[in-house]
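First the structure, in the form of structure tokens, and then the observations on it.
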Amino acid sequence: MKRIISVALFAATALTAGSFTIDDYSVGQGPIITSTVPTTITDGPLAIGGGISRLITLETLAALQPPAFQVEAGFGVFDVNNGTGDDSQVTVDYTIPALPIPPGASNVEFFLTIVQSDANPTSVDLSGVASGSFSIAPNTLNQTVFFSVPGVAFGPGTLTLTFNGAPGWDLSVDSFGVQWKDRSPVPEPSTIGLIGAGLIGLGILRRKQIA
């Protein structure tokens with residue numbers, strides 16, 4: 001008599017991490033330089049790869065004399081420099097394709113890798129396909145800052161970063177992107193054990209049949 005041994009397979013879910021860099025600032029733009037207050041200067045939109053374009057806007061708000069403002073992207077860094085006592089608002093608009101965030105992903109966070117911020121606190125507003133208000137602590141050095149954003153739309157659309165700070169604020173950013181945790185099926189340890197037991201059983205049965 002032939003015996004049939006069946007092995008049941010079960011699947012579990014585990015969280016695996018994923019990330020997508022929206023801008024690594026390798027594509028140069030600017031510099032935007034002005035000493036005029038108030039004024040608004042835009043540069044772009046500029047295609048930066050992957051179907052993404054970048055538009056930079058510098059809005060000068062207040063200044064001491066002589067005022068000095070400069071914004072520039074390139075060589076892997078996004079730099080904002082305000083003269084002592086000078087205040088500006090810098091907006092970066094990204095036109096993006098659909099974000100590659102899997103349906104059902106959790107812990108969605110946007111991130112900024114900060115090269116350096118000065119002694120002034122810096123505010124960051126995120127709007128468009130995701131929204132929220134956050135801050136970068138003074139004197140942040142070589143650190144990635146994460147912003148949790150619930151209810152992120154997958155796009156396509158516009159994603160806007162707006163930076164501001166106390167007069168004289170400076171900021172250097174290395175990269176901007178999004179990360180998440182995705183639920184994907186993986187074998188449970190019990191499944192692996194059942195598979196092993198099944199294979200052993202098949203081996204024993206085969207030896208009996210040969211004997």
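Chain lettering (A, B, ...) mirrors the order of the structure tokens, residue numbering begins at 1 for each chain separately, and ligand numbering begins at 1 in order of display.
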
Item to check | Selection near Gly49 (chain A), 9 Å with only C-alpha atoms, sequence-local residues under 4 positions removed, as a list of chain:residue names | outcome: A:Asp23, A:Val27, A:Ser53

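Each of A:Ser131, A:Thr158, A:Thr140, A:Asn107 was checked against Thr16 (chain A) using only C-alpha atoms; the smallest atom-to-atom distance is that of A:Asn107.
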
Using only C-alpha atoms, which residues sit within 9 Å of Ile32 (chain A) once same-chain residues fewer than 2 positions away are excluded, as a PDB file with N, CA and C atoms, in the first residue's frame?
ATOM      1  N   GLN A  29      21.417  73.354  -8.804  1.00  0.00           N
ATOM      2  CA  GLN A  29      20.434  74.398  -9.085  1.00  0.00           C
ATOM      3  C   GLN A  29      20.811  75.646  -8.288  1.00  0.00           C
ATOM      4  N   GLY A  30      20.704  76.808  -8.943  1.00  0.00           N
ATOM      5  CA  GLY A  30      21.106  78.047  -8.295  1.00  0.00           C
ATOM      6  C   GLY A  30      22.568  78.348  -8.607  1.00  0.00           C
ATOM      7  N   THR A  34      20.495  87.227  -3.348  1.00  0.00           N
ATOM      8  CA  THR A  34      19.857  88.545  -3.377  1.00  0.00           C
ATOM      9  C   THR A  34      20.177  89.316  -2.106  1.00  0.00           C
ATOM     10  N   ILE A  41      12.107  85.135  -5.306  1.00  0.00           N
ATOM     11  CA  ILE A  41      12.833  84.670  -6.483  1.00  0.00           C
ATOM     12  C   ILE A  41      12.630  83.164  -6.616  1.00  0.00           C
ATOM     13  N   THR A  42      12.317  82.719  -7.822  1.00  0.00           N
ATOM     14  CA  THR A  42      12.154  81.285  -8.065  1.00  0.00           C
ATOM     15  C   THR A  42      13.202  80.804  -9.066  1.00  0.00           C
ATOM     16  N   ASP A  43      13.541  79.538  -8.957  1.00  0.00           N
ATOM     17  CA  ASP A  43      14.484  78.893  -9.873  1.00  0.00           C
ATOM     18  C   ASP A  43      13.930  77.509 -10.198  1.00  0.00           C
ATOM     19  N   ILE A  56      12.706  75.761  -6.662  1.00  0.00           N
ATOM     20  CA  ILE A  56      13.151  76.420  -5.433  1.00  0.00           C
ATOM     21  C   ILE A  56      12.666  77.859  -5.422  1.00  0.00           C
ATOM     22  N   THR A  57      12.100  78.274  -4.291  1.00  0.00           N
ATOM     23  CA  THR A  57      11.643  79.658  -4.127  1.00  0.00           C
ATOM     24  C   THR A  57      12.281  80.254  -2.881  1.00  0.00           C
ATOM     25  N   LEU A  58      12.905  81.414  -3.043  1.00  0.00           N
ATOM     26  CA  LEU A  58      13.471  82.173  -1.926  1.00  0.00           C
ATOM     27  C   LEU A  58      12.625  83.423  -1.714  1.00  0.00           C
ATOM     28  N   PHE A  69      21.436  86.900   1.274  1.00  0.00           N
ATOM     29  CA  PHE A  69      20.698  85.637   1.226  1.00  0.00           C
ATOM     30  C   PHE A  69      21.252  84.796   0.087  1.00  0.00           C
ATOM     31  N   GLN A  70      21.375  83.484   0.321  1.00  0.00           N
ATOM     32  CA  GLN A  70      21.823  82.588  -0.737  1.00  0.00           C
ATOM     33  C   GLN A  70      21.242  81.193  -0.526  1.00  0.00           C
ATOM     34  N   VAL A  71      20.732  80.618  -1.623  1.00  0.00           N
ATOM     35  CA  VAL A  71      20.205  79.251  -1.620  1.00  0.00           C
ATOM     36  C   VAL A  71      20.800  78.539  -2.830  1.00  0.00           C
ATOM     37  N   GLU A  72      21.260  77.286  -2.614  1.00  0.00           N
ATOM     38  CA  GLU A  72      21.894  76.560  -3.714  1.00  0.00           C
ATOM     39  C   GLU A  72      21.792  75.058  -3.478  1.00  0.00           C
TER      40      GLU A  72
END

Checklist entry - What separation in Å, quoted to one decimal, exists between CA of Ala68 (chain A) and CA of Gly165 (chain A)? => result 15.4 Å

Checklist entry - In Å to one decimal, how far is CA of Gly104 (chain A) from CA of Ile22 (chain A)? => result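 Straight-line distance from CA of Ile22 (chain A) to CA of Gly104 (chain A) works out to 20.7 Å.
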
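Minimum atom-to-atom distances from A:Pro66, A:Pro45, A:Gly168, A:Gly177 to Asn82 (chain A) were compared using only C-alpha atoms, and the lowest value belongs to A:Gly168.
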
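If only C-alpha atoms are the atoms counted, then among A:Pro100, A:Phe75, A:Val80, A:Tyr94 the closest residue to Arg54 (chain A) is A:Tyr94.
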
Checklist entry - Residues at most 9 Å from Phe163 (chain A), counting only C-alpha atoms, excluding those fewer than 4 positions away in the same chain, as an MDAnalysis selection string? => result chainID A and resid 88:92 122:125

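Taking only C-alpha atoms, the non-local environment of Gly28 (chain A) within 10 Å (same-chain residues fewer than 4 positions away omitted) comprises Leu46, Ile48, Glu72, Ala73, Gly74, Phe75, Gly76, Val77 and Phe78 of chain A.
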
Next on the checklist: To test your reading of the structure, identify every residue in region 25-205 of chain A that backbone DSSP assigns to alpha helix (DSSP H), and report it as a PyMOL selection string.
Outcome noted: chain A and resi 189-205

Item to check | All strand (DSSP E) positions in region 118-183 of chain A, as a VMD selection string | outcome: chain A and resid 122 to 128 132 to 136 141 to 148 157 to 165 171 to 183

Next on the checklist: List as a ChimeraX atom specification the protein and nucleic acid residues near Leu61 (chain A), meaning an atom at most 9 Å away when only C-alpha atoms are counted, but skip any in the same chain fewer than 2 places from it.
Outcome noted: /A:37-39,59,63,86-89

Next, dump the selected residues to file, keeping only all heavy atoms, as a compact mmCIF listing (two decimals), in the first residue's frame.
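What ended up in part.txt:
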# COMPACT_ATOMS: atom_id res chain seq x y z
N VAL A 37 15.07 93.20 0.03
CA VAL A 37 14.01 92.81 0.97
C VAL A 37 12.87 93.81 0.83
O VAL A 37 13.11 95.03 0.88
CB VAL A 37 14.53 92.83 2.41
CG1 VAL A 37 13.43 92.42 3.38
CG2 VAL A 37 15.73 91.91 2.56
N PRO A 38 11.64 93.41 0.69
CA PRO A 38 11.22 92.02 0.46
C PRO A 38 11.29 91.69 -1.03
O PRO A 38 11.15 92.57 -1.88
CB PRO A 38 9.78 92.02 0.94
CG PRO A 38 9.29 93.40 0.63
CD PRO A 38 10.47 94.31 0.83
N THR A 39 11.48 90.42 -1.33
CA THR A 39 11.45 89.96 -2.71
C THR A 39 11.23 88.46 -2.73
O THR A 39 11.47 87.77 -1.74
CB THR A 39 12.77 90.30 -3.44
OG1 THR A 39 12.63 90.04 -4.84
CG2 THR A 39 13.92 89.47 -2.91
N GLU A 59 12.07 83.54 -0.50
CA GLU A 59 11.29 84.73 -0.15
C GLU A 59 11.99 85.43 1.01
O GLU A 59 12.11 84.88 2.11
CB GLU A 59 9.87 84.35 0.26
CG GLU A 59 9.01 85.55 0.63
CD GLU A 59 7.61 85.15 1.08
OE1 GLU A 59 7.32 83.93 1.13
OE2 GLU A 59 6.82 86.06 1.41
N ALA A 63 15.65 91.89 7.26
CA ALA A 63 17.11 91.90 7.18
C ALA A 63 17.69 93.08 7.93
O ALA A 63 17.03 94.10 8.13
CB ALA A 63 17.56 91.95 5.73
N ASP A 86 19.29 88.30 9.20
CA ASP A 86 18.44 88.20 8.02
C ASP A 86 17.51 86.99 8.13
O ASP A 86 17.90 85.93 8.63
CB ASP A 86 19.29 88.06 6.75
CG ASP A 86 20.19 89.26 6.53
OD1 ASP A 86 19.94 90.31 7.15
OD2 ASP A 86 21.14 89.15 5.73
N ASP A 87 16.29 87.15 7.64
CA ASP A 87 15.32 86.07 7.72
C ASP A 87 14.70 85.84 6.35
O ASP A 87 14.32 86.79 5.65
CB ASP A 87 14.21 86.41 8.73
CG ASP A 87 13.29 85.23 8.97
OD1 ASP A 87 13.68 84.09 8.69
OD2 ASP A 87 12.15 85.45 9.45
N SER A 88 14.59 84.56 5.99
CA SER A 88 13.97 84.21 4.71
C SER A 88 13.13 82.96 4.90
O SER A 88 13.27 82.23 5.89
CB SER A 88 15.04 83.95 3.64
OG SER A 88 15.76 82.77 3.94
N GLN A 89 12.27 82.73 3.95
CA GLN A 89 11.53 81.47 3.86
C GLN A 89 11.91 80.82 2.54
O GLN A 89 11.82 81.45 1.49
CB GLN A 89 10.02 81.71 3.93
CG GLN A 89 9.20 80.43 3.79
CD GLN A 89 7.72 80.68 4.01
OE1 GLN A 89 7.26 80.80 5.14
NE2 GLN A 89 6.96 80.77 2.93

Checklist entry - Excluding same-chain residues fewer than 2 positions from Gly155 (chain A), what lies within 10 Å of it counting only C-alpha atoms, as a PyMOL selection string? => result chain A and resi 95-101+128-130+152-153+157-159

Checklist entry - Of the candidates A:Leu171, A:Asp182, A:Ala17, A:Ser35, which shows the shortest atom-to-atom distance to Pro103 (chain A), using only C-alpha atoms? => result A:Asp182

Item to check | Using only C-alpha atoms: which of A:Asn142, A:Ser19, A:Asn120, A:Thr162 has the shortest distance to Asp93 (chain A) | outcome: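 Closest to Asp93 (chain A) of all the choices is A:Thr162.
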